[in-house]
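target15.cif (mmCIF, C-alpha atoms and all ligand atoms)
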```
data_start
#
loop_
_atom_site.group_PDB
_atom_site.id
_atom_site.type_symbol
_atom_site.label_atom_id
_atom_site.label_comp_id
_atom_site.auth_asym_id
_atom_site.auth_seq_id
_atom_site.Cartn_x
_atom_site.Cartn_y
_atom_site.Cartn_z
ATOM 1 C CA MET A 1 147.165 118.135 92.106
ATOM 2 C CA ALA A 2 150.225 117.270 90.013
ATOM 3 C CA GLU A 3 151.834 120.438 91.276
ATOM 4 C CA ARG A 4 151.179 119.352 94.892
ATOM 5 C CA ARG A 5 152.868 115.947 94.243
ATOM 6 C CA THR A 6 155.907 117.698 92.819
ATOM 7 C CA VAL A 7 156.191 119.869 95.925
ATOM 8 C CA LEU A 8 155.940 116.772 98.158
ATOM 9 C CA LYS A 9 158.626 114.978 96.109
ATOM 10 C CA VAL A 10 160.979 117.959 96.433
ATOM 11 C CA LEU A 11 160.342 118.170 100.180
ATOM 12 C CA SER A 12 160.960 114.438 100.725
ATOM 13 C CA GLY A 13 164.176 114.702 98.672
ATOM 14 C CA CYS A 14 165.383 117.536 100.877
ATOM 15 C CA ALA A 15 164.559 115.568 104.021
ATOM 16 C CA GLY A 16 166.534 112.585 102.692
ATOM 17 C CA ALA A 17 169.521 114.766 101.917
ATOM 18 C CA ALA A 18 169.339 116.283 105.381
ATOM 19 C CA VAL A 19 169.304 112.834 106.999
ATOM 20 C CA ALA A 20 172.257 111.755 104.825
ATOM 21 C CA GLY A 21 174.094 114.921 105.807
ATOM 22 C CA VAL A 22 173.609 114.180 109.484
ATOM 23 C CA GLY A 23 174.909 110.646 108.869
ATOM 24 C CA VAL A 24 178.055 111.943 107.175
ATOM 25 C CA ALA A 25 178.632 114.505 109.889
ATOM 26 C CA ALA A 26 178.177 111.899 112.601
ATOM 27 C CA THR A 27 180.559 109.502 110.843
ATOM 28 C CA GLY A 28 183.178 112.230 110.496
ATOM 29 C CA ALA A 29 182.977 113.004 114.204
ATOM 30 C CA PHE A 30 183.204 109.319 115.068
ATOM 31 C CA VAL A 31 186.313 108.757 112.927
ATOM 32 C CA ALA A 32 188.032 111.799 114.394
ATOM 33 C CA GLN A 33 187.276 110.580 117.894
ATOM 34 C CA SER A 34 188.405 107.008 117.257
ATOM 35 C CA GLU A 35 191.716 108.228 115.828
ATOM 36 C CA ARG A 36 192.410 110.111 119.019
ATOM 37 C CA ARG A 37 191.766 107.120 121.260
ATOM 38 C CA PRO A 38 194.729 104.756 121.397
ATOM 39 C CA GLU A 39 194.090 101.411 123.007
ATOM 40 C CA GLY A 40 194.583 101.514 126.735
ATOM 41 C CA SER A 41 194.589 105.299 127.003
ATOM 42 C CA GLY A 42 192.389 105.026 130.080
ATOM 43 C CA GLY A 43 194.067 102.146 131.880
ATOM 44 C CA ALA A 44 197.188 102.522 129.706
ATOM 45 C CA SER A 45 199.149 99.366 129.006
ATOM 46 C CA TRP A 46 202.950 98.984 128.993
ATOM 47 C CA ARG A 47 204.533 99.658 125.596
ATOM 48 C CA LYS A 48 208.140 98.957 124.639
ATOM 49 C CA VAL A 49 209.750 102.118 123.283
ATOM 50 C CA ALA A 50 213.533 101.504 123.274
ATOM 51 C CA ARG A 51 216.311 99.141 124.320
ATOM 52 C CA LEU A 52 217.932 100.417 127.512
ATOM 53 C CA ASP A 53 221.447 99.787 126.152
ATOM 54 C CA ALA A 54 220.679 102.034 123.166
ATOM 55 C CA LEU A 55 220.276 105.037 125.482
ATOM 56 C CA GLU A 56 223.256 107.152 126.462
ATOM 57 C CA ARG A 57 223.179 108.202 130.109
ATOM 58 C CA GLY A 58 221.866 111.734 130.594
ATOM 59 C CA LYS A 59 221.256 112.303 126.885
ATOM 60 C CA PRO A 60 217.579 112.889 125.976
ATOM 61 C CA THR A 61 216.453 110.547 123.225
ATOM 62 C CA LYS A 62 213.171 110.717 121.340
ATOM 63 C CA ALA A 63 211.258 107.495 120.692
ATOM 64 C CA ALA A 64 208.047 106.587 118.926
ATOM 65 C CA VAL A 65 205.230 104.889 120.799
ATOM 66 C CA ILE A 66 203.624 102.148 118.733
ATOM 67 C CA GLY A 67 200.246 100.663 119.492
ATOM 68 C CA ALA A 68 196.876 99.577 118.195
ATOM 69 C CA VAL A 69 193.980 102.007 117.958
ATOM 70 C CA GLU A 70 190.510 100.719 118.636
ATOM 71 C CA ASP A 71 186.943 101.785 119.079
ATOM 72 C CA ALA A 72 183.755 99.855 119.651
ATOM 73 C CA TRP A 73 183.867 98.186 116.192
ATOM 74 C CA VAL A 74 187.306 98.484 114.649
ATOM 75 C CA ARG A 75 190.785 97.600 115.872
ATOM 76 C CA THR A 76 193.516 99.164 113.722
ATOM 77 C CA PRO A 77 196.832 97.278 113.750
ATOM 78 C CA ASP A 78 199.908 98.731 115.398
ATOM 79 C CA ARG A 79 200.910 102.199 114.275
ATOM 80 C CA ARG A 80 202.586 105.261 115.746
ATOM 81 C CA ILE A 81 200.351 106.739 118.449
ATOM 82 C CA GLY A 82 202.767 109.262 119.930
ATOM 83 C CA SER A 83 206.320 110.178 120.847
ATOM 84 C CA VAL A 84 208.207 110.415 124.120
ATOM 85 C CA TRP A 85 211.503 111.782 125.392
ATOM 86 C CA LEU A 86 213.638 109.333 127.343
ATOM 87 C CA ILE A 87 216.437 110.313 129.729
ATOM 88 C CA ARG A 88 218.405 107.384 131.082
ATOM 89 C CA GLU A 89 219.623 108.050 134.609
ATOM 90 C CA ASP A 90 221.207 104.675 135.467
ATOM 91 C CA ASP A 91 220.755 100.966 134.716
ATOM 92 C CA ARG A 92 217.301 100.849 136.274
ATOM 93 C CA THR A 93 215.861 104.330 135.902
ATOM 94 C CA VAL A 94 214.702 106.192 132.833
ATOM 95 C CA LYS A 95 212.717 109.397 133.082
ATOM 96 C CA VAL A 96 210.069 109.714 130.394
ATOM 97 C CA TYR A 97 208.143 112.752 129.196
ATOM 98 C CA SER A 98 205.444 113.047 126.582
ATOM 99 C CA ALA A 99 206.659 114.892 123.475
ATOM 100 C CA VAL A 100 203.270 116.620 123.188
ATOM 101 C CA CYS A 101 203.489 120.294 124.145
ATOM 102 C CA PRO A 102 200.928 121.072 126.897
ATOM 103 C CA HIS A 103 200.122 124.422 125.255
ATOM 104 C CA LEU A 104 198.379 123.390 122.022
ATOM 105 C CA GLY A 105 199.832 119.973 121.253
ATOM 106 C CA CYS A 106 202.765 120.605 118.917
ATOM 107 C CA SER A 107 205.786 118.361 119.117
ATOM 108 C CA ILE A 108 208.514 119.152 121.629
ATOM 109 C CA ASP A 109 212.001 118.921 120.139
ATOM 110 C CA ARG A 110 215.553 119.441 121.276
ATOM 111 C CA GLU A 111 217.620 122.484 120.333
ATOM 112 C CA ASN A 112 220.761 123.944 121.942
ATOM 113 C CA GLU A 113 220.644 121.392 124.787
ATOM 114 C CA ARG A 114 217.083 122.372 125.740
ATOM 115 C CA PHE A 115 213.604 121.096 125.125
ATOM 116 C CA VAL A 116 211.734 123.480 122.865
ATOM 117 C CA CYS A 117 208.330 123.706 121.226
ATOM 118 C CA LYS A 118 208.826 125.774 118.117
ATOM 119 C CA CYS A 119 205.137 126.452 117.493
ATOM 120 C CA HIS A 120 204.999 129.317 120.022
ATOM 121 C CA ASP A 121 208.483 129.194 121.564
ATOM 122 C CA SER A 122 208.028 127.384 124.852
ATOM 123 C CA HIS A 123 211.242 126.117 126.452
ATOM 124 C CA PHE A 124 211.582 123.423 129.083
ATOM 125 C CA THR A 125 214.351 122.241 131.398
ATOM 126 C CA ASP A 126 215.744 118.696 131.309
ATOM 127 C CA GLN A 127 213.457 118.027 134.286
ATOM 128 C CA GLY A 128 210.471 119.105 132.177
ATOM 129 C CA GLY A 129 209.796 122.455 133.889
ATOM 130 C CA VAL A 130 208.723 125.498 131.867
ATOM 131 C CA VAL A 131 211.478 128.083 131.358
ATOM 132 C CA ASP A 132 209.518 130.501 129.208
ATOM 133 C CA GLY A 133 206.766 130.650 126.607
ATOM 134 C CA PRO A 134 203.007 130.125 126.724
ATOM 135 C CA SER A 135 202.946 126.506 127.896
ATOM 136 C CA PRO A 136 200.739 126.526 131.021
ATOM 137 C CA ARG A 137 202.612 123.624 132.655
ATOM 138 C CA GLY A 138 205.764 121.588 132.340
ATOM 139 C CA MET A 139 206.227 118.575 130.083
ATOM 140 C CA ASP A 140 203.986 115.684 131.070
ATOM 141 C CA PRO A 141 205.888 112.898 132.832
ATOM 142 C CA LEU A 142 204.882 109.329 132.012
ATOM 143 C CA GLU A 143 205.122 106.154 134.049
ATOM 144 C CA ALA A 144 208.059 104.021 132.900
ATOM 145 C CA ARG A 145 209.931 100.864 133.840
ATOM 146 C CA VAL A 146 212.819 98.734 132.593
ATOM 147 C CA ALA A 147 211.910 95.104 131.870
ATOM 148 C CA ASP A 148 214.081 92.513 130.091
ATOM 149 C CA GLY A 149 216.368 95.227 128.788
ATOM 150 C CA TRP A 150 213.506 97.278 127.341
ATOM 151 C CA VAL A 151 212.214 100.651 128.434
ATOM 152 C CA GLU A 152 208.447 100.396 128.702
ATOM 153 C CA VAL A 153 206.054 103.296 129.003
ATOM 154 C CA LYS A 154 202.417 103.776 129.891
ATOM 155 C CA TYR A 155 201.503 106.279 127.186
ATOM 156 C CA ARG A 156 198.800 108.782 128.089
ATOM 157 C CA ARG A 157 197.463 112.001 126.671
ATOM 158 C CA PHE A 158 196.592 115.022 128.769
ATOM 159 C CA LYS A 159 194.314 118.006 128.257
ATOM 160 C CA LEU A 160 195.977 120.905 126.476
ATOM 161 C CA GLY A 161 196.053 124.530 127.542
ATOM 162 C CA THR A 162 195.503 124.007 131.265
ATOM 163 C CA SER A 163 197.872 124.326 134.208
ATOM 164 C CA GLU A 164 196.385 121.174 135.726
ATOM 165 C CA ARG A 165 197.581 117.833 134.407
ATOM 166 C CA VAL A 166 194.339 116.054 133.595
ATOM 167 C CA GLU A 167 194.176 112.940 131.443
ATOM 168 C CA GLY A 168 191.938 113.266 128.447
HETATM 169 S S1 LIG B 1 201.989 124.389 121.074
HETATM 170 FE FE1 LIG B 1 203.901 124.410 122.107
HETATM 171 S S2 LIG B 1 204.174 126.486 122.615
HETATM 172 FE FE2 LIG B 1 202.272 126.459 121.637
#
```
Let me see whether you can do it: turn the structure in this file into structure tokens.
Ligand code: FES
Amino acid sequence: MAERRTVLKVLSGCAGAAVAGVGVAATGAFVAQSERRPEGSGGASWRKVARLDALERGKPTKAAVIGAVEDAWVRTPDRRIGSVWLIREDDRTVKVYSAVCPHLGCSIDRENERFVCKCHDSHFTDQGGVVDGPSPRGMDPLEARVADGWVEVKYRRFKLGTSERVEG
């Protein structure tokens, strides 16, 4: 009888550990998901990224996108949620591209007057088109406006590795 109780205790201990394990796994998945979901990524809100007068005409300039990150329970204060490339055309127009490479999500940089993703050597034109490399589409353009001397952007993320530009 004592032996039977011991077996039951061991089994209930294992069940408890299994439940705890599921809890940890679920929490890990939740944190990872919440970190990837900046506020307003669905109906993205306008975010100031640079002063217009700080941008040289025709010269691509990289800027950080700052914003809060939130989920159903927690709202994290402002922090860097992404980067964009800005190309000022005139006093009212700035073209904006996401700095996330559409291939696998590395950062797009500038080298020898061209946009380049060094992870797998994709190159892009100043208009965001693919020149060569594995990127399945051009750089992702973002909605932008100039308001009160600031360049504002609606920052969005798009699915990686697909030729279609799908938010997600
Ligand atoms: S992640 Fe940019 S080329 Fe692969």
Residues matched by the PyMOL selection byres (((chain A and resi 149-165) around 9) and not hetatm), written as a PDB file with C-alpha atoms, keeping the file's coordinate frame:
```pdb
ATOM      1  CA  PRO A  38     194.729 104.756 121.397  1.00  0.00           C
ATOM      2  CA  GLY A  40     194.583 101.514 126.735  1.00  0.00           C
ATOM      3  CA  SER A  41     194.589 105.299 127.003  1.00  0.00           C
ATOM      4  CA  GLY A  42     192.389 105.026 130.080  1.00  0.00           C
ATOM      5  CA  GLY A  43     194.067 102.146 131.880  1.00  0.00           C
ATOM      6  CA  ALA A  44     197.188 102.522 129.706  1.00  0.00           C
ATOM      7  CA  SER A  45     199.149  99.366 129.006  1.00  0.00           C
ATOM      8  CA  TRP A  46     202.950  98.984 128.993  1.00  0.00           C
ATOM      9  CA  ARG A  47     204.533  99.658 125.596  1.00  0.00           C
ATOM     10  CA  LYS A  48     208.140  98.957 124.639  1.00  0.00           C
ATOM     11  CA  VAL A  49     209.750 102.118 123.283  1.00  0.00           C
ATOM     12  CA  ALA A  50     213.533 101.504 123.274  1.00  0.00           C
ATOM     13  CA  ARG A  51     216.311  99.141 124.320  1.00  0.00           C
ATOM     14  CA  LEU A  52     217.932 100.417 127.512  1.00  0.00           C
ATOM     15  CA  ASP A  53     221.447  99.787 126.152  1.00  0.00           C
ATOM     16  CA  VAL A  65     205.230 104.889 120.799  1.00  0.00           C
ATOM     17  CA  ILE A  81     200.351 106.739 118.449  1.00  0.00           C
ATOM     18  CA  GLY A  82     202.767 109.262 119.930  1.00  0.00           C
ATOM     19  CA  SER A  83     206.320 110.178 120.847  1.00  0.00           C
ATOM     20  CA  VAL A  84     208.207 110.415 124.120  1.00  0.00           C
ATOM     21  CA  LEU A  86     213.638 109.333 127.343  1.00  0.00           C
ATOM     22  CA  VAL A  94     214.702 106.192 132.833  1.00  0.00           C
ATOM     23  CA  VAL A  96     210.069 109.714 130.394  1.00  0.00           C
ATOM     24  CA  SER A  98     205.444 113.047 126.582  1.00  0.00           C
ATOM     25  CA  VAL A 100     203.270 116.620 123.188  1.00  0.00           C
ATOM     26  CA  CYS A 101     203.489 120.294 124.145  1.00  0.00           C
ATOM     27  CA  PRO A 102     200.928 121.072 126.897  1.00  0.00           C
ATOM     28  CA  HIS A 103     200.122 124.422 125.255  1.00  0.00           C
ATOM     29  CA  LEU A 104     198.379 123.390 122.022  1.00  0.00           C
ATOM     30  CA  GLY A 105     199.832 119.973 121.253  1.00  0.00           C
ATOM     31  CA  PRO A 134     203.007 130.125 126.724  1.00  0.00           C
ATOM     32  CA  SER A 135     202.946 126.506 127.896  1.00  0.00           C
ATOM     33  CA  PRO A 136     200.739 126.526 131.021  1.00  0.00           C
ATOM     34  CA  ARG A 137     202.612 123.624 132.655  1.00  0.00           C
ATOM     35  CA  GLY A 138     205.764 121.588 132.340  1.00  0.00           C
ATOM     36  CA  ASP A 140     203.986 115.684 131.070  1.00  0.00           C
ATOM     37  CA  LEU A 142     204.882 109.329 132.012  1.00  0.00           C
ATOM     38  CA  GLU A 143     205.122 106.154 134.049  1.00  0.00           C
ATOM     39  CA  ALA A 144     208.059 104.021 132.900  1.00  0.00           C
ATOM     40  CA  ARG A 145     209.931 100.864 133.840  1.00  0.00           C
ATOM     41  CA  VAL A 146     212.819  98.734 132.593  1.00  0.00           C
ATOM     42  CA  ALA A 147     211.910  95.104 131.870  1.00  0.00           C
ATOM     43  CA  ASP A 148     214.081  92.513 130.091  1.00  0.00           C
ATOM     44  CA  VAL A 166     194.339 116.054 133.595  1.00  0.00           C
ATOM     45  CA  GLU A 167     194.176 112.940 131.443  1.00  0.00           C
ATOM     46  CA  GLY A 168     191.938 113.266 128.447  1.00  0.00           C
TER      47      GLY A 168
END
```
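Counting only C-alpha atoms and all ligand atoms, the residue from A:His123, A:Met139, A:Val74, A:Cys106 that sits nearest to ligand LIG 1 (chain B) is A:Cys106.
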**Q.** Nearest-residue call for ligand LIG 1 (chain B), choices A:Gly133, A:Gly128, A:Gly58, A:Gly67, using only C-alpha atoms and all ligand atoms
**A.** A:Gly133
Q) Which of these, A:Asp132, A:Glu111, A:Asp121, A:Asp71, has the shortest distance to ligand LIG 1 (chain B) once you count only C-alpha atoms and all ligand atoms? A) A:Asp121
(Q) Here is a test: counting only C-alpha atoms and all ligand atoms, which residue of A:Asp126, A:Asp78, A:Asp90, A:Asp109 is nearest to ligand LIG 1 (chain B)? (A) A:Asp109
Q: Kindly give the distance, in Å, that separates CA of Thr61 in chain A and CA of Ile87 in chain A, rounded to a single decimal.
A: 6.5 Å
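Atom pair CA of Tyr97 in chain A / CA of Trp85 in chain A has a distance of 5.2 Å (rounded to one decimal).
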(Q) When you count all atoms listed in the file, which of these residues is closest to ligand LIG 1 (chain B): A:Ser107, A:Pro141, A:Leu55, A:Glu113? (A) A:Ser107
